[in-house]
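S.K.: Below is work_18.txt; it holds compact mmCIF, C-alpha atoms and all ligand atoms.
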# COMPACT_ATOMS: atom_id res chain seq x y z
CA MET A 27 -8.90 7.97 -34.53
CA ALA A 28 -7.89 4.97 -32.43
CA THR A 29 -7.47 5.71 -28.71
CA LYS A 30 -3.95 5.11 -27.44
CA LYS A 31 -3.52 2.45 -24.81
CA PRO A 32 -1.87 3.78 -21.63
CA THR A 33 1.30 1.76 -22.26
CA GLU A 34 1.75 3.51 -25.58
CA LEU A 35 2.07 6.76 -23.62
CA ARG A 36 5.25 5.58 -21.90
CA ASN A 37 8.08 8.07 -21.82
CA ASP A 38 11.20 5.94 -21.98
CA ALA A 39 13.36 8.89 -20.94
CA TYR A 40 12.68 8.21 -17.25
CA LEU A 41 10.76 4.99 -17.00
CA SER A 42 11.74 1.63 -15.79
CA ASP A 43 13.09 -0.62 -18.51
CA THR A 44 15.84 -1.90 -16.21
CA LEU A 45 13.23 -2.81 -13.61
CA ILE A 46 11.18 -4.75 -16.15
CA GLU A 47 14.28 -6.63 -17.29
CA ARG A 48 15.21 -7.51 -13.70
CA LEU A 49 11.70 -8.74 -12.95
CA ASP A 50 11.52 -10.81 -16.11
CA LEU A 51 14.86 -12.41 -15.17
CA TRP A 52 13.62 -13.02 -11.63
CA TYR A 53 10.60 -14.97 -12.85
CA LYS A 54 12.66 -16.88 -15.41
CA GLU A 55 15.30 -18.01 -12.91
CA PHE A 56 13.30 -18.25 -9.66
CA SER A 57 13.81 -21.40 -7.60
CA PRO A 58 13.24 -21.77 -3.83
CA VAL A 59 16.36 -21.91 -1.65
CA THR A 60 17.04 -24.30 1.27
CA PRO A 61 19.55 -22.42 3.46
CA THR A 62 21.53 -23.97 6.32
CA GLU A 63 21.08 -22.88 9.94
CA ASN A 64 24.42 -21.07 9.84
CA LYS A 65 23.43 -19.16 6.74
CA ILE A 66 20.09 -18.12 8.27
CA LEU A 67 21.71 -16.89 11.47
CA SER A 68 24.37 -14.98 9.58
CA VAL A 69 21.73 -13.13 7.56
CA ILE A 70 19.68 -12.37 10.69
CA ARG A 71 22.64 -11.13 12.72
CA GLY A 72 24.69 -9.65 9.91
CA ASP A 73 24.25 -6.10 8.79
CA GLN A 74 24.68 -6.54 5.07
CA GLY A 75 21.20 -5.25 4.21
CA TYR A 76 19.03 -6.29 1.32
CA SER A 77 20.01 -8.60 -1.48
CA VAL A 78 17.84 -10.96 -3.49
CA ASP A 79 19.64 -13.87 -1.80
CA SER A 80 19.33 -12.58 1.78
CA LEU A 81 15.58 -12.03 1.39
CA ALA A 82 15.16 -15.53 -0.04
CA VAL A 83 16.96 -16.92 3.03
CA LEU A 84 14.72 -15.10 5.53
CA LEU A 85 11.54 -16.06 3.69
CA SER A 86 12.43 -19.75 3.47
CA PRO A 87 10.59 -22.40 5.54
CA GLU A 88 14.00 -23.26 7.01
CA ALA A 89 14.06 -19.78 8.65
CA ALA A 90 10.66 -20.29 10.33
CA PRO A 91 12.14 -21.82 13.56
CA PHE A 92 14.22 -18.63 13.98
CA LEU A 93 11.32 -16.24 14.38
CA GLU A 94 12.42 -15.14 17.84
CA GLU A 95 15.93 -14.31 16.64
CA MET A 96 14.43 -12.38 13.74
CA ALA A 97 12.06 -10.52 16.07
CA VAL A 98 14.91 -9.32 18.32
CA VAL A 99 16.85 -7.87 15.39
CA ALA A 100 13.73 -6.43 13.72
CA LYS A 101 12.68 -4.70 16.93
CA SER A 102 16.07 -3.09 17.40
CA LYS A 103 16.11 -1.87 13.78
CA ARG A 104 12.65 -0.43 14.15
CA GLU A 105 13.76 1.46 17.24
CA LYS A 106 17.02 2.62 15.64
CA PHE A 107 15.39 4.05 12.52
CA PHE A 108 11.94 5.08 13.75
CA GLY A 109 12.17 5.41 17.55
CA ASN A 110 8.87 4.77 19.32
CA ALA A 111 6.74 6.79 16.88
CA ILE A 112 3.81 5.16 15.11
CA LYS A 113 1.98 7.21 12.51
CA ILE A 114 -1.80 6.97 12.39
CA PHE A 115 -3.88 7.59 9.28
CA ALA A 116 -7.36 6.78 8.03
CA PRO A 117 -8.59 5.79 4.57
CA MET A 118 -11.51 7.72 3.09
CA TYR A 119 -13.40 6.18 0.17
CA ILE A 120 -14.96 8.86 -2.02
CA SER A 121 -16.25 6.68 -4.88
CA ASN A 122 -16.66 2.96 -5.49
CA PHE A 123 -17.70 3.00 -9.13
CA CYS A 124 -15.30 0.89 -11.15
CA SER A 125 -14.92 -0.34 -14.71
CA ASN A 126 -12.29 -2.96 -13.90
CA GLY A 127 -12.84 -6.60 -13.09
CA CYS A 128 -10.23 -7.43 -10.43
CA LEU A 129 -11.32 -10.85 -9.21
CA TYR A 130 -10.37 -10.18 -5.56
CA CYS A 131 -12.28 -6.89 -5.13
CA ALA A 132 -15.91 -6.20 -4.20
CA PHE A 133 -15.90 -3.00 -6.29
CA LYS A 134 -15.35 -4.86 -9.58
CA ALA A 135 -17.70 -3.70 -12.32
CA ASP A 136 -19.77 -6.88 -12.54
CA ASN A 137 -20.39 -7.17 -8.78
CA ARG A 138 -23.92 -6.04 -7.87
CA ILE A 139 -23.27 -3.79 -4.89
CA VAL A 140 -24.54 -0.42 -3.71
CA ARG A 141 -22.43 2.27 -5.40
CA LYS A 142 -21.85 5.87 -4.46
CA GLN A 143 -19.67 8.85 -5.30
CA LEU A 144 -19.49 11.76 -2.88
CA ASN A 145 -20.48 15.18 -4.19
CA ARG A 146 -18.64 18.27 -2.98
CA GLU A 147 -20.84 18.87 0.07
CA GLU A 148 -20.73 15.20 1.06
CA LEU A 149 -16.96 15.16 0.62
CA LEU A 150 -16.52 18.13 2.93
CA ALA A 151 -18.93 16.72 5.54
CA GLU A 152 -17.17 13.33 5.41
CA SER A 153 -13.75 14.99 5.71
CA GLN A 154 -14.83 17.08 8.68
CA SER A 155 -16.42 14.10 10.37
CA LEU A 156 -13.23 12.07 9.97
CA ALA A 157 -11.07 14.99 11.09
CA SER A 158 -13.19 15.33 14.25
CA THR A 159 -11.80 11.95 15.37
CA GLY A 160 -8.32 13.49 15.42
CA ILE A 161 -7.18 12.17 12.04
CA ARG A 162 -4.84 14.55 10.17
CA GLN A 163 -3.35 12.14 7.62
CA VAL A 164 -5.88 10.78 5.18
CA LEU A 165 -5.68 8.30 2.33
CA VAL A 166 -8.30 9.00 -0.34
CA LEU A 167 -9.50 6.02 -2.35
CA THR A 168 -11.67 5.50 -5.42
CA GLY A 169 -12.44 2.77 -7.90
CA GLU A 170 -11.39 3.30 -11.52
CA ALA A 171 -14.31 4.73 -13.50
CA LYS A 172 -12.65 7.58 -15.30
CA ARG A 173 -15.75 8.88 -17.09
CA LEU A 174 -17.57 9.37 -13.78
CA THR A 175 -14.70 9.72 -11.32
CA THR A 176 -12.79 12.05 -13.59
CA PHE A 177 -9.29 13.38 -13.06
CA GLU A 178 -10.85 16.81 -12.45
CA TYR A 179 -13.13 15.34 -9.76
CA LEU A 180 -10.10 13.75 -8.13
CA ARG A 181 -8.08 16.98 -8.31
CA ASP A 182 -10.90 19.08 -6.85
CA SER A 183 -11.49 16.52 -4.09
CA ILE A 184 -7.84 16.56 -3.06
CA LYS A 185 -7.84 20.35 -3.11
CA GLU A 186 -10.91 20.37 -0.84
CA MET A 187 -9.47 17.76 1.53
CA ASP A 188 -6.21 19.69 1.73
CA THR A 189 -8.16 22.42 3.54
CA VAL A 190 -9.15 19.94 6.26
CA PHE A 191 -6.18 17.55 6.62
CA SER A 192 -2.46 18.22 6.97
CA SER A 193 -1.49 15.32 4.71
CA VAL A 194 -3.51 13.90 1.81
CA ALA A 195 -2.33 10.71 0.13
CA MET A 196 -4.28 8.73 -2.44
CA GLU A 197 -4.81 5.21 -3.70
CA VAL A 198 -6.43 5.43 -7.14
CA TRP A 199 -5.71 4.33 -10.72
CA PRO A 200 -2.23 5.06 -12.18
CA LEU A 201 -1.94 8.54 -13.71
CA LYS A 202 0.32 10.32 -16.18
CA LYS A 203 3.34 12.18 -14.81
CA GLU A 204 1.79 15.58 -15.64
CA GLN A 205 -1.35 14.60 -13.73
CA TYR A 206 0.68 13.63 -10.66
CA GLU A 207 2.42 17.01 -10.92
CA GLU A 208 -0.94 18.77 -10.98
CA LEU A 209 -2.13 16.87 -7.91
CA VAL A 210 1.09 17.57 -6.00
CA GLU A 211 0.49 21.24 -6.76
CA VAL A 212 -2.99 21.17 -5.15
CA GLY A 213 -1.92 19.29 -2.04
CA LEU A 214 -1.24 15.60 -2.74
CA ASP A 215 1.84 14.41 -0.89
CA GLY A 216 1.60 10.64 -0.84
CA LEU A 217 0.74 7.85 -3.25
CA THR A 218 -0.13 4.23 -2.61
CA LEU A 219 -0.01 2.07 -5.71
CA TYR A 220 0.04 -1.69 -5.28
CA GLN A 221 1.04 -3.88 -8.19
CA GLU A 222 -1.24 -6.54 -6.59
CA THR A 223 0.88 -9.29 -8.21
CA TYR A 224 4.18 -8.99 -10.06
CA ASN A 225 3.58 -12.29 -11.87
CA ARG A 226 2.40 -11.25 -15.33
CA GLU A 227 0.42 -14.44 -15.99
CA ILE A 228 -1.46 -14.27 -12.69
CA TYR A 229 -1.91 -10.53 -13.20
CA ALA A 230 -3.65 -11.19 -16.52
CA VAL A 231 -6.00 -13.74 -14.90
CA GLN A 232 -6.82 -11.52 -11.91
CA HIS A 233 -7.44 -8.44 -14.09
CA PRO A 234 -9.48 -9.84 -16.99
CA TYR A 235 -10.83 -6.54 -18.34
CA GLY A 236 -10.57 -2.77 -17.91
CA ASP A 237 -7.58 -0.43 -17.97
CA LYS A 238 -6.06 -2.13 -14.96
CA SER A 239 -5.22 -5.14 -17.13
CA ASP A 240 -2.28 -3.07 -18.46
CA TYR A 241 0.53 -4.46 -16.28
CA LEU A 242 3.26 -2.11 -17.55
CA TRP A 243 1.25 1.06 -17.13
CA ARG A 244 0.63 0.13 -13.52
CA ILE A 245 4.13 -0.98 -12.59
CA GLU A 246 5.56 2.27 -13.92
CA GLY A 247 3.09 4.40 -11.95
CA PRO A 248 5.45 4.82 -8.96
CA ASP A 249 8.20 5.99 -11.35
CA ARG A 250 5.93 8.63 -12.82
CA ALA A 251 4.78 9.80 -9.38
CA CYS A 252 8.31 9.97 -7.95
CA ALA A 253 9.52 11.85 -11.04
CA ALA A 254 6.57 14.23 -10.55
CA GLY A 255 7.68 15.19 -7.03
CA ILE A 256 5.51 13.07 -4.74
CA ARG A 257 6.82 13.19 -1.16
CA SER A 258 6.01 9.64 -0.05
CA MET A 259 5.45 6.48 -2.05
CA GLN A 260 3.98 3.18 -0.88
CA ILE A 261 4.01 -0.03 -2.90
CA GLY A 262 2.82 -3.52 -2.12
CA ALA A 263 1.59 -6.87 -3.35
CA LEU A 264 -1.62 -8.65 -2.43
CA ILE A 265 -0.28 -11.69 -0.66
CA GLY A 266 -2.06 -14.91 -1.53
CA LEU A 267 -2.33 -14.59 -5.30
CA ASP A 268 1.03 -16.29 -6.04
CA ASP A 269 3.72 -18.27 -4.24
CA TYR A 270 4.76 -15.82 -1.53
CA ARG A 271 8.51 -16.22 -2.00
CA CYS A 272 8.33 -15.51 -5.70
CA GLU A 273 5.91 -12.60 -5.22
CA LEU A 274 7.79 -10.93 -2.40
CA GLY A 275 11.15 -11.37 -4.13
CA ALA A 276 9.72 -9.44 -7.08
CA MET A 277 8.27 -6.78 -4.80
CA ALA A 278 11.65 -6.38 -3.08
CA ILE A 279 13.32 -5.88 -6.47
CA HIS A 280 10.81 -3.09 -7.18
CA LEU A 281 11.35 -1.55 -3.74
CA ASP A 282 15.13 -1.67 -3.98
CA TYR A 283 14.95 -0.11 -7.46
CA LEU A 284 12.76 2.77 -6.25
CA CYS A 285 14.82 3.40 -3.09
CA LYS A 286 18.01 3.74 -5.14
CA LYS A 287 16.49 5.76 -7.97
CA TYR A 288 14.55 8.21 -5.78
CA PRO A 289 16.50 8.57 -2.51
CA ASP A 290 14.60 11.78 -1.64
CA VAL A 291 11.21 10.06 -1.65
CA GLU A 292 9.98 8.54 1.63
CA MET A 293 9.41 4.89 0.73
CA SER A 294 7.10 2.44 2.45
CA ILE A 295 5.46 -0.90 1.85
CA SER A 296 2.32 -2.66 2.89
CA LEU A 297 1.74 -6.39 2.89
CA PRO A 298 -2.04 -6.85 2.49
CA ARG A 299 -3.43 -10.37 2.79
CA LEU A 300 -6.56 -11.21 0.80
CA ARG A 301 -9.77 -10.59 2.75
CA PRO A 302 -13.39 -11.83 2.23
CA ILE A 303 -15.44 -9.60 -0.10
CA VAL A 304 -19.15 -8.88 -0.58
CA ASN A 305 -21.08 -11.28 -2.90
CA SER A 306 -18.14 -13.60 -3.43
CA ASP A 307 -16.54 -16.70 -1.98
CA LEU A 308 -13.09 -15.61 -2.96
CA GLN A 309 -10.58 -18.47 -3.18
CA VAL A 310 -7.07 -17.76 -1.86
CA ASP A 311 -4.72 -19.87 -3.97
CA HIS A 312 -1.70 -19.41 -1.72
CA PRO A 313 -2.94 -18.86 1.87
CA ILE A 314 -0.52 -17.30 4.36
CA SER A 315 -0.65 -18.38 8.02
CA ASP A 316 -0.31 -15.82 10.81
CA ARG A 317 3.13 -17.17 11.69
CA LEU A 318 4.33 -16.95 8.10
CA TYR A 319 2.89 -13.44 7.83
CA ALA A 320 4.98 -12.42 10.85
CA GLN A 321 8.08 -14.00 9.27
CA ILE A 322 7.51 -11.98 6.09
CA LEU A 323 7.12 -8.71 7.96
CA LEU A 324 10.24 -9.37 10.04
CA ALA A 325 12.28 -10.21 6.95
CA PHE A 326 11.42 -6.88 5.32
CA ARG A 327 12.10 -4.94 8.54
CA ILE A 328 15.54 -6.54 8.90
CA LEU A 329 16.61 -6.06 5.29
CA PHE A 330 14.97 -2.68 4.59
CA PRO A 331 15.43 -0.95 7.99
CA HIS A 332 14.84 2.58 6.62
CA VAL A 333 11.61 1.73 4.78
CA GLY A 334 8.24 2.35 6.44
CA ILE A 335 5.87 -0.58 6.94
CA THR A 336 2.13 0.07 7.09
CA LEU A 337 -0.15 -2.46 8.74
CA SER A 338 -3.79 -2.13 7.75
CA THR A 339 -7.00 -3.33 9.37
CA ARG A 340 -7.00 -6.35 7.08
CA GLU A 341 -5.13 -7.78 10.10
CA ASP A 342 -7.01 -8.26 13.36
CA GLU A 343 -6.32 -6.57 16.70
CA ARG A 344 -4.27 -9.48 18.05
CA MET A 345 -2.00 -9.57 15.00
CA ARG A 346 -1.59 -5.81 14.89
CA ASN A 347 -0.78 -5.59 18.59
CA GLY A 348 1.82 -8.32 18.20
CA LEU A 349 3.44 -6.96 15.05
CA ILE A 350 3.57 -3.22 15.79
CA PRO A 351 6.55 -3.49 18.18
CA LEU A 352 8.48 -5.65 15.72
CA GLY A 353 8.60 -3.50 12.66
CA VAL A 354 5.48 -1.52 11.85
CA THR A 355 5.71 2.26 11.46
CA LYS A 356 2.20 3.27 10.39
CA VAL A 357 -1.28 1.97 11.18
CA SER A 358 -4.79 2.89 10.17
CA ALA A 359 -7.61 3.56 12.65
CA SER A 360 -11.28 4.49 12.47
CA VAL A 361 -11.44 2.51 9.25
CA SER A 362 -14.33 1.99 6.89
CA THR A 363 -14.05 0.64 3.35
CA ALA A 364 -17.48 1.99 2.33
CA VAL A 365 -18.12 5.38 0.70
CA GLY A 366 -19.59 7.96 3.09
CA GLU A 367 -19.36 5.75 6.18
CA HIS A 368 -18.15 8.52 8.50
CA THR A 369 -21.34 10.52 7.98
CA ASP A 370 -24.08 8.22 6.69
CA LYS A 371 -23.19 4.85 5.20
CA ALA A 372 -24.39 4.74 1.62
CA SER A 373 -22.46 1.97 -0.16
CA ASP A 374 -21.12 -1.54 0.29
CA GLU A 375 -17.58 -2.17 1.57
CA GLN A 376 -14.54 -3.07 -0.53
CA PHE A 377 -13.58 -5.80 1.94
CA ASP A 378 -14.30 -6.78 5.55
CA ILE A 379 -12.02 -5.15 8.08
CA ALA A 380 -10.62 -7.11 11.03
CA ASP A 381 -9.67 -4.38 13.53
CA GLU A 382 -12.41 -1.85 14.23
CA ARG A 383 -10.61 0.29 16.80
CA SER A 384 -11.27 4.03 16.78
CA VAL A 385 -8.50 6.63 16.73
CA ASP A 386 -8.81 7.11 20.50
CA GLU A 387 -8.67 3.37 21.16
CA MET A 388 -5.63 2.97 18.91
CA CYS A 389 -3.84 5.90 20.57
CA SER A 390 -4.61 4.54 24.04
CA TRP A 391 -3.22 1.13 23.17
CA LEU A 392 -0.07 2.63 21.68
CA GLU A 393 0.56 4.90 24.67
CA ALA A 394 -0.06 2.07 27.13
CA ASN A 395 2.56 0.03 25.30
CA GLY A 396 5.30 2.66 25.21
CA PHE A 397 4.69 4.12 21.74
CA GLN A 398 4.07 7.67 20.66
CA PRO A 399 1.00 7.85 18.41
CA VAL A 400 1.69 10.44 15.71
CA LEU A 401 -1.37 11.99 14.13
CA HIS A 402 0.35 15.03 12.71
CA ASP A 403 4.00 15.12 11.69
CA TRP A 404 3.79 16.91 8.41
CA HIS A 405 1.94 19.70 6.69
CA SER A 406 1.77 19.58 2.93
CA LYS A 407 1.76 23.38 2.72
CA LEU A 408 5.31 23.48 4.13
CA THR A 409 6.91 22.67 0.79
CA ARG A 410 4.74 24.43 -1.74
CA SER A 411 3.46 27.88 -2.45
CA VAL A 412 -0.24 28.18 -1.68
CA GLY A 413 -2.36 30.84 -3.29
S1 LIG B 1 -9.13 -3.19 -6.96
FE1 LIG B 1 -9.51 -1.09 -7.64
S2 LIG B 1 -9.58 -1.22 -9.84
FE2 LIG B 1 -9.85 -3.30 -9.08
S3 LIG B 1 -12.09 -3.61 -8.98
FE3 LIG B 1 -11.35 -2.89 -6.97
S4 LIG B 1 -11.63 -0.69 -7.04
FE4 LIG B 1 -11.71 -1.41 -9.15
Mind turning the file's structure into structure tokens?

M.R.:
Amino acid sequence: MATKKPTELRNDAYLSDTLIERLDLWYKEFSPVTPTENKILSVIRGDQGYSVDSLAVLLSPEAAPFLEEMAVVAKSKREKFFGNAIKIFAPMYISNFCSNGCLYCAFKADNRIVRKQLNREELLAESQSLASTGIRQVLVLTGEAKRLTTFEYLRDSIKEMDTVFSSVAMEVWPLKKEQYEELVEVGLDGLTLYQETYNREIYAVQHPYGDKSDYLWRIEGPDRACAAGIRSMQIGALIGLDDYRCELGAMAIHLDYLCKKYPDVEMSISLPRLRPIVNSDLQVDHPISDRLYAQILLAFRILFPHVGITLSTREDERMRNGLIPLGVTKVSASVSTAVGEHTDKASDEQFDIADERSVDEMCSWLEANGFQPVLHDWHSKLTRSVG
């Protein structure tokens, strides 16, 4: 019997046909705008919130000279919606086996790197080691090798980590709705699922083989997770694969769609820039300068004031220190992108990190600059029955 492709498993009763139509229209009709100074200032100072047009104005090169004006408004919105709290989390890689071929990732199947998957004892030791740094919110990551890193392995790992951490989120391959429900039941409360690029043609080039080449299955993952009862959802695009204005316009359409459809889910975004990877001289087709990166972050803070923004260690200490006051709500610390790094490094990294500060160092910097570092603001057991 032929195996069904993931897309053939779609349940049209709750999935995102309207989103797909809106994105297709966006790519068909996209053209860069050239706003006037008056128009830019009215979007910055106005309070009309997100629209496709307002985002296009703030992302335009014509808005670049108004970074200071944008920063003032972004800072006040950050303070209004999030106060001085900055959440701190750490990623924990539990397997880097992968059967996909994403061109931008060191874990791709045809890259000759050291591979590792934590067994149960290693997982517990790694979790306890990470928790000893003060981390209570963890993001568990794997590659996509479903015959080795099975759903059951993932479920049991989350269950184990739930005994150590107060919040367990994950960044893994897209699952079925019933699988998300099962994971929520054992302690999962957050999901990160980046589309990487919303441009279907570039997506096909960047994901030449493996299950991840199924664009629709991936883009509908957040829908399935939100419908399954996930508490917090984070989406994002890997900036640098496509023209940034086109890419981020599409990402904003996705974000706006999710915010309106699932108002009870805590929504956040991340804006990862491409980083160097092991065994590859990765080419960035659409490089983003530091100044432009700041403009992008400010635009999203102004137009989506209630949405969390996570800033990862793909950005260096200088950039993170500069951007946190202007719009960031969550940062990572004590980061490694290798499997088992917190106990005994056993694999290669997914990408080079640019800010190596520990949890203590990150907390000290935040406190010295008037912020409240938040390691623990949630316990997943509060909203479910635990046996
Ligand atoms: S991005 Fe994820 S799916 Fe793609 S190669 Fe890397 S680990 Fe595998």

S.K.: Quick one: everything within 9 Å of Ile114 in chain A, counting all atoms listed in the file, minus sequence neighbours fewer than 2 positions away in the same chain. Send it as a PyMOL selection string.

M.R.: chain A and resi 112+116+161-163+355-359+385+388-389+399-402

S.K.: Using all atoms listed in the file, which residues of the polymer chains come no farther than 12 Å from ligand LIG 1 (chain B)? I'd like the answer as a VMD selection string.

M.R.: chain A and resid 119 to 137 139 141 167 to 172 175 197 to 200 218 to 223 229 232 to 240 244 263 to 264 300 303 to 304 363 to 365 375 to 377

S.K.: Tell me, in Å to one decimal, how far CA of Asp403 in chain A is from CA of Val194 in chain A.

M.R.: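 If I compute the distance from CA of Asp403 in chain A to CA of Val194 in chain A, I get 12.5 Å.
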
S.K.: Excluding Glu88 in chain A and any residue of its chain fewer than 2 positions from it, enumerate the residues within 7 Å of it, using all atoms listed in the file, and give them as a list in words.

M.R.: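 Result of the neighbour search: Thr60, Pro61, Ser86, Ala90 and Pro91 of chain A.
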
S.K.: Would you mind telling me which residue in A:Arg250, A:Cys285, A:Gln309, A:Tyr241 lies nearest to Leu267 in chain A when using only C-alpha atoms?

M.R.: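 Of A:Arg250, A:Cys285, A:Gln309, A:Tyr241, the one nearest Leu267 in chain A is A:Gln309, counting only C-alpha atoms.
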